[in-house]
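> Next up, model-v7.txt (compact mmCIF, C-alpha atoms).
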# COMPACT_ATOMS: atom_id res chain seq x y z
CA MET A 1 0.00 0.00 0.00
CA ALA A 2 1.26 3.48 -0.87
CA ARG A 3 2.59 5.47 2.05
CA GLU A 4 0.26 8.24 3.10
CA ILE A 5 1.68 11.76 2.99
CA LYS A 6 -0.23 14.47 4.83
CA PHE A 7 0.46 18.06 3.94
CA LEU A 8 -1.01 21.47 4.66
CA THR A 9 -1.45 24.16 2.02
CA VAL A 10 -1.58 27.83 3.02
CA CYS A 11 -2.84 30.73 0.91
CA GLY A 12 -4.43 34.11 1.49
CA SER A 13 -8.03 33.05 1.85
CA GLY A 14 -7.44 29.33 2.20
CA ILE A 15 -9.66 28.68 -0.83
CA VAL A 16 -8.66 29.13 -4.45
CA THR A 17 -4.87 29.11 -4.51
CA SER A 18 -4.50 26.44 -1.83
CA SER A 19 -6.86 24.18 -3.82
CA MET A 20 -4.76 24.66 -6.95
CA ILE A 21 -1.60 23.84 -5.02
CA ALA A 22 -3.14 20.92 -3.11
CA ASN A 23 -4.39 19.29 -6.29
CA THR A 24 -1.05 19.70 -8.06
CA ILE A 25 0.87 18.22 -5.13
CA GLU A 26 -1.53 15.29 -4.73
CA GLU A 27 -1.03 14.43 -8.41
CA MET A 28 2.74 14.82 -8.00
CA LEU A 29 2.76 12.49 -4.98
CA GLU A 30 0.65 9.92 -6.81
CA GLU A 31 3.20 9.87 -9.65
CA GLU A 32 5.87 9.13 -7.07
CA GLY A 33 3.85 6.28 -5.59
CA TYR A 34 2.56 8.09 -2.51
CA ASP A 35 -0.96 8.61 -1.31
CA GLY A 36 -1.21 12.39 -0.73
CA HIS A 37 -3.79 14.06 1.49
CA ALA A 38 -4.09 17.84 1.75
CA ASP A 39 -5.68 20.11 4.30
CA GLU A 40 -6.15 23.69 3.16
CA SER A 41 -5.72 26.75 5.35
CA ASN A 42 -4.88 30.43 5.48
CA PRO A 43 -2.02 31.97 7.49
CA SER A 44 -4.14 32.66 10.58
CA GLU A 45 -5.60 29.13 10.61
CA MET A 46 -2.24 27.46 10.04
CA PRO A 47 -1.11 27.21 13.70
CA THR A 48 -4.41 25.53 14.67
CA PHE A 49 -4.04 22.97 11.89
CA LEU A 50 -0.44 22.29 12.88
CA ALA A 51 -1.39 21.88 16.54
CA ARG A 52 -4.19 19.46 15.66
CA SER A 53 -2.40 17.13 13.24
CA LYS A 54 1.05 16.06 12.21
CA TYR A 55 1.95 17.04 8.63
CA ASP A 56 4.87 15.88 6.51
CA PHE A 57 5.24 19.41 5.17
CA VAL A 58 3.57 22.77 4.59
CA ALA A 59 3.24 24.23 1.06
CA TYR A 60 2.61 27.97 1.15
CA ALA A 61 1.52 30.66 -1.30
CA SER A 62 1.28 33.48 1.20
CA PRO A 63 3.87 34.72 3.67
CA ILE A 64 3.95 32.62 6.84
CA ASP A 65 5.61 33.15 10.18
CA GLU A 66 8.51 30.74 10.65
CA GLU A 67 7.69 30.42 14.36
CA ASP A 68 4.17 29.24 13.57
CA LEU A 69 5.58 26.22 11.74
CA ASN A 70 6.79 24.67 14.97
CA GLY A 71 9.45 22.69 13.15
CA THR A 72 7.29 21.46 10.28
CA PRO A 73 9.24 21.73 7.00
CA ALA A 74 7.77 24.33 4.62
CA ILE A 75 8.13 24.77 0.87
CA PRO A 76 7.18 27.88 -1.14
CA ALA A 77 4.58 26.80 -3.71
CA ILE A 78 3.86 29.79 -5.97
CA GLY A 79 6.01 28.15 -8.66
CA LEU A 80 3.46 25.33 -8.93
CA ILE A 81 0.89 27.82 -10.20
CA THR A 82 3.09 29.67 -12.66
CA GLY A 83 4.76 26.44 -13.75
CA GLN A 84 8.18 27.88 -13.06
CA GLY A 85 9.99 25.97 -10.36
CA VAL A 86 7.91 22.78 -10.38
CA ASP A 87 11.02 20.57 -10.48
CA GLU A 88 12.63 22.47 -7.59
CA PHE A 89 9.47 22.05 -5.53
CA LYS A 90 9.29 18.34 -6.25
CA GLU A 91 12.95 17.81 -5.40
CA ARG A 92 12.58 19.63 -2.07
CA MET A 93 9.37 17.74 -1.26
CA LEU A 94 10.93 14.34 -1.93
CA GLU A 95 13.96 15.28 0.20
CA ILE A 96 11.65 16.15 3.08
CA ILE A 97 9.65 12.94 2.72
CA LYS A 98 12.86 10.93 2.67
CA ALA A 99 14.21 12.76 5.74
CA ASN A 100 10.90 12.27 7.58
CA ASN A 101 11.18 8.55 6.90
CA GLU A 102 14.58 8.20 8.49
CA MET B 1 -20.00 27.36 -18.84
CA LEU B 2 -18.13 29.16 -16.08
CA LEU B 3 -16.52 31.68 -18.43
CA LYS B 4 -19.20 34.23 -19.28
CA LYS B 5 -19.08 36.48 -22.31
CA GLU B 6 -20.51 39.40 -20.36
CA LEU B 7 -17.61 39.11 -17.87
CA ILE B 8 -14.93 39.71 -20.49
CA ARG B 9 -13.48 43.18 -21.06
CA ILE B 10 -10.68 44.36 -23.31
CA GLY B 11 -8.94 47.71 -22.94
CA LEU B 12 -10.04 48.04 -19.31
CA GLU B 13 -8.96 51.48 -18.11
CA GLY B 14 -7.57 52.25 -14.67
CA GLU B 15 -4.58 53.84 -12.98
CA THR B 16 -4.40 51.63 -9.90
CA SER B 17 -5.11 48.01 -9.03
CA GLU B 18 -8.17 49.18 -7.12
CA ASP B 19 -9.50 51.00 -10.23
CA VAL B 20 -9.31 47.92 -12.45
CA LEU B 21 -10.46 45.51 -9.73
CA ARG B 22 -13.55 47.62 -8.98
CA ALA B 23 -14.33 48.01 -12.67
CA LEU B 24 -14.22 44.26 -13.37
CA ALA B 25 -15.84 43.26 -10.06
CA GLY B 26 -18.66 45.70 -10.83
CA VAL B 27 -19.30 43.79 -14.05
CA PHE B 28 -19.73 40.60 -11.98
CA VAL B 29 -22.33 42.36 -9.80
CA GLU B 30 -24.20 43.74 -12.84
CA ALA B 31 -24.28 40.26 -14.36
CA GLY B 32 -25.80 38.93 -11.14
CA VAL B 33 -23.08 36.33 -10.46
CA ALA B 34 -21.74 38.26 -7.45
CA LYS B 35 -23.29 40.20 -4.58
CA ASP B 36 -23.05 43.96 -4.01
CA SER B 37 -20.35 43.27 -1.41
CA TYR B 38 -18.12 41.57 -4.01
CA PRO B 39 -16.11 44.61 -5.29
CA ASP B 40 -15.17 45.77 -1.75
CA ALA B 41 -14.29 42.20 -0.78
CA ILE B 42 -12.12 41.76 -3.88
CA VAL B 43 -10.23 45.01 -3.20
CA LEU B 44 -9.75 44.22 0.50
CA ARG B 45 -8.62 40.67 -0.19
CA GLU B 46 -6.14 41.90 -2.83
CA SER B 47 -4.61 44.41 -0.40
CA LYS B 48 -4.19 41.76 2.32
CA TYR B 49 -3.27 38.82 0.11
CA PRO B 50 -2.21 39.93 -3.36
CA THR B 51 -2.90 37.68 -6.36
CA ALA B 52 -0.49 38.82 -9.07
CA LEU B 53 1.79 36.18 -10.56
CA PRO B 54 4.83 36.35 -12.83
CA ALA B 55 3.45 34.14 -15.61
CA THR B 56 5.83 33.04 -18.34
CA ALA B 57 4.46 35.42 -20.99
CA PHE B 58 3.85 38.49 -18.77
CA ASP B 59 2.45 39.29 -15.33
CA ILE B 60 -1.16 38.37 -14.61
CA ALA B 61 -3.43 38.40 -11.56
CA VAL B 62 -6.14 36.06 -10.34
CA PRO B 63 -8.29 38.20 -8.02
CA HIS B 64 -10.89 36.31 -5.99
CA THR B 65 -12.57 36.40 -2.62
CA PHE B 66 -14.72 34.42 -0.22
CA ALA B 67 -17.77 32.47 -1.37
CA GLU B 68 -20.14 34.53 0.80
CA HIS B 69 -19.84 37.37 -1.77
CA VAL B 70 -20.66 35.10 -4.71
CA ASN B 71 -24.01 34.05 -6.15
CA GLU B 72 -22.81 31.53 -8.69
CA PRO B 73 -19.44 30.25 -9.87
CA ALA B 74 -18.06 32.27 -12.78
CA MET B 75 -14.89 33.45 -14.40
CA GLY B 76 -14.15 36.76 -16.09
CA VAL B 77 -11.18 38.04 -18.07
CA ALA B 78 -9.94 41.61 -18.43
CA VAL B 79 -7.17 42.82 -20.68
CA LEU B 80 -5.92 46.08 -19.19
CA ALA B 81 -5.50 49.17 -21.36
CA HIS B 82 -2.06 49.44 -19.77
CA PRO B 83 -0.25 47.45 -17.06
CA VAL B 84 -1.11 48.46 -13.49
CA GLN B 85 0.91 47.94 -10.32
CA PHE B 86 -0.02 44.91 -8.21
CA GLN B 87 1.88 42.99 -5.54
CA GLN B 88 2.99 39.40 -6.03
CA MET B 89 1.10 36.53 -4.46
CA GLY B 90 3.11 35.13 -1.57
CA SER B 91 5.75 37.89 -1.81
CA PRO B 92 3.92 41.19 -1.29
CA GLU B 93 7.24 43.06 -1.27
CA ILE B 94 7.57 42.29 -5.00
CA THR B 95 5.77 44.61 -7.43
CA LEU B 96 4.38 43.20 -10.66
CA HIS B 97 2.55 44.83 -13.58
CA PRO B 98 -0.23 42.52 -14.72
CA GLN B 99 -1.65 42.99 -18.19
CA VAL B 100 -4.46 40.47 -17.87
CA LEU B 101 -6.78 39.69 -14.95
CA PHE B 102 -8.54 36.37 -14.50
CA MET B 103 -11.20 37.20 -11.94
CA LEU B 104 -12.89 34.31 -10.21
CA ALA B 105 -16.19 33.93 -8.42
CA ILE B 106 -15.79 30.65 -6.59
CA THR B 107 -18.44 29.03 -4.40
CA ASP B 108 -16.79 25.70 -3.66
CA PRO B 109 -13.17 25.11 -4.66
CA LYS B 110 -13.67 21.33 -4.39
CA ASP B 111 -16.43 21.49 -7.00
CA GLN B 112 -14.53 23.93 -9.15
CA ILE B 113 -11.12 22.24 -9.00
CA GLU B 114 -11.31 21.32 -12.70
CA LEU B 115 -11.76 25.02 -13.53
CA LEU B 116 -8.87 25.94 -11.24
CA LYS B 117 -6.64 23.35 -12.92
CA LYS B 118 -7.53 24.69 -16.35
CA ILE B 119 -6.79 28.25 -15.26
CA MET B 120 -3.37 27.07 -14.10
CA GLY B 121 -2.94 25.57 -17.56
CA ILE B 122 -3.71 28.95 -19.16
CA ILE B 123 -1.34 30.79 -16.78
CA GLN B 124 1.43 28.41 -17.89
CA ASP B 125 0.68 28.69 -21.62
CA VAL B 126 2.65 31.52 -23.25
CA ASP B 127 0.81 31.18 -26.55
CA VAL B 128 -2.71 31.37 -25.08
CA LEU B 129 -1.73 34.27 -22.80
CA ASN B 130 -0.36 36.26 -25.74
CA LYS B 131 -3.49 35.56 -27.78
CA ILE B 132 -5.66 36.80 -24.91
CA LYS B 133 -3.60 39.99 -24.54
CA ASP B 134 -3.70 40.70 -28.28
CA ALA B 135 -7.40 39.90 -28.75
CA LYS B 136 -9.32 42.49 -30.79
CA SER B 137 -12.70 41.71 -29.23
CA GLU B 138 -14.34 40.13 -26.20
CA GLU B 139 -15.72 37.41 -28.51
CA GLU B 140 -12.21 36.46 -29.55
CA ILE B 141 -11.27 35.81 -25.90
CA TYR B 142 -14.51 33.94 -25.30
CA ASP B 143 -13.89 31.70 -28.31
CA LEU B 144 -10.30 31.11 -27.24
CA VAL B 145 -10.68 30.57 -23.49
CA GLY B 146 -14.20 29.11 -23.45
CA PRO B 147 -13.25 25.72 -24.94
CA ILE B 148 -10.25 25.48 -22.58
CA VAL B 149 -12.14 26.06 -19.32
CA GLY B 150 -15.31 24.32 -20.50
Can you present the structure in this file as structure tokens?

Amino acid sequence: MAREIKFLTVCGSGIVTSSMIANTIEEMLEEEGYDGHADESNPSEMPTFLARSKYDFVAYASPIDEEDLNGTPAIPAIGLITGQGVDEFKERMLEIIKANNE
Amino acid sequence: MLLKKELIRIGLEGETSEDVLRALAGVFVEAGVAKDSYPDAIVLRESKYPTALPATAFDIAVPHTFAEHVNEPAMGVAVLAHPVQFQQMGSPEITLHPQVLFMLAITDPKDQIELLKKIMGIIQDVDVLNKIKDAKSEEEIYDLVGPIVG
């Protein structure tokens, strides 16, 4: 069974952009043989989400406060929408997943 | 069809982001797809969380706001008469000069994920973006973008 990867997306309103990002990452994870599950949030909701569940990583499209992450790895995700920097995102994400596994 | 012909404008005039956002958001209200509160909500949301993106062809923006200001899901397109200053999504310290706005009225992103994916496809397509920017009429944009977003 594919390993489940839980991640949190963060954007301004926690609606449109985070959905775009979440969908793109879920498809990316599927290609890599993982079972991706996204929760979507905005910057003010993020700490609550992080306190409630454990996430493999955060993907953000709005500025976030480093302290709010509480040690959860975070990857900037704007490049997923413009299509510039998709490979860099994927590389960083796979590194994090690998590190989380060790 | 989420893209509506009456929500497309070319040569949209305005000196500031607020000018062009209000002008296009007002069209959404007139068309009945958004509530009277929509233009204010769009402007406020843009100032707090900007939506401009450095697309491959040129800068664009994808203004949107919360579902409570929306009557029905819809998408509009505006080609600006001249580029206007916006801030970049995720990096508000960066100034961009969008030439095209893709304004969204979203009620449920889960339902409208296919539309959102197709919009991402347009944002990443240099050829389509250039054709939108150079369109001579609203119909031309409708005929170009309509079949893509469905």
> Could you name the residues that touch range 36-52 of chain B at 6 Å or less, counting all atoms listed in the file, but leaving out those on the same chain fewer than 3 positions away, as a ChimeraX atom specification?
/A:12 /B:22,25,60-65,69,87-89
> For Ala74 in chain B, work out the shell of residues within 7 Å, counting all atoms listed in the file and skipping chain neighbours fewer than 2 positions away, then give it as a list in words.
Leu2, Leu3, Lys4, Val33, Glu72, Gly76, Leu104, Ala105 and Ile106 of chain B
> Write the residues you've just listed into a file as a tab-separated table (two decimals), keeping the file's coordinate frame, and include C-alpha atoms for each of them.

chain	number	residue	atom	x	y	z
B	2	LEU	CA	-18.13	29.16	-16.08
B	3	LEU	CA	-16.52	31.68	-18.43
B	4	LYS	CA	-19.20	34.23	-19.28
B	33	VAL	CA	-23.08	36.33	-10.46
B	72	GLU	CA	-22.81	31.53	-8.69
B	76	GLY	CA	-14.15	36.76	-16.09
B	104	LEU	CA	-12.89	34.31	-10.21
B	105	ALA	CA	-16.19	33.93	-8.42
B	106	ILE	CA	-15.79	30.65	-6.59
> Taking all atoms listed in the file into account and nothing else, which residues of chain B lie no more than 6 Å away from chain A? Please answer as a ChimeraX atom specification.
/B:49,55,90,120,124
> What lies within 12 Å of Gly36 in chain A using all atoms listed in the file, ignoring chain neighbours under 5 positions off, as a PyMOL selection string?
chain A and resi 2-8+22-31+55-57+93+97
> For range 4-11 of chain B, take all atoms listed in the file, fit an axis-aligned box around them, add 5 Å to each of the six sides, then output centre and edge lengths in Å rounded to one decimal, as AutoDock Vina command-line options.

--center_x -14.7 --center_y 41.0 --center_z -20.6 --size_x 21.6 --size_y 23.5 --size_z 15.4
> What gap, in Å, lies between CA of Glu13 in chain B and CA of Val77 in chain B?
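It comes out at 13.6 Å.
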> From the set A:Ala99, A:Val86, A:Met46, A:Ala38, which residue has the shortest atom-to-atom contact distance to Asp68 in chain A, counting all atoms listed in the file?
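Of A:Ala99, A:Val86, A:Met46, A:Ala38, the one nearest Asp68 in chain A is A:Met46, counting all atoms listed in the file.
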> Can you tell me how far CA of Phe66 in chain B sits from CA of Glu6 in chain B, in Å to one decimal?
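Computing it gives 21.5 Å between the two atoms.
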> Would you work out the distance separating CA of Phe102 in chain B from CA of Ile8 in chain B, expressed in Å to one decimal?
9.4 Å
> Quick one: everything within 10 Å of Val149 in chain B, counting only C-alpha atoms, minus sequence neighbours fewer than 5 positions away in the same chain. Send it as an MDAnalysis selection string.
chainID B and resid 1:3 75 114:119 121:122 144
> Quick one: everything within 6 Å of Val100 in chain B, counting only C-alpha atoms, minus sequence neighbours fewer than 5 positions away in the same chain. Send it as a list of chain:residue names.
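Near neighbours after the sequence-gap exclusion: B:Ile60, B:Ala78, B:Val79, B:Leu80.
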> Output C-alpha atoms of each residue in that selection to a file, as a compact mmCIF listing (two decimals), in the coordinates of the input.

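What follows is the written file again_19.txt:
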# COMPACT_ATOMS: atom_id res chain seq x y z
CA ILE B 60 -1.16 38.37 -14.61
CA ALA B 78 -9.94 41.61 -18.43
CA VAL B 79 -7.17 42.82 -20.68
CA LEU B 80 -5.92 46.08 -19.19
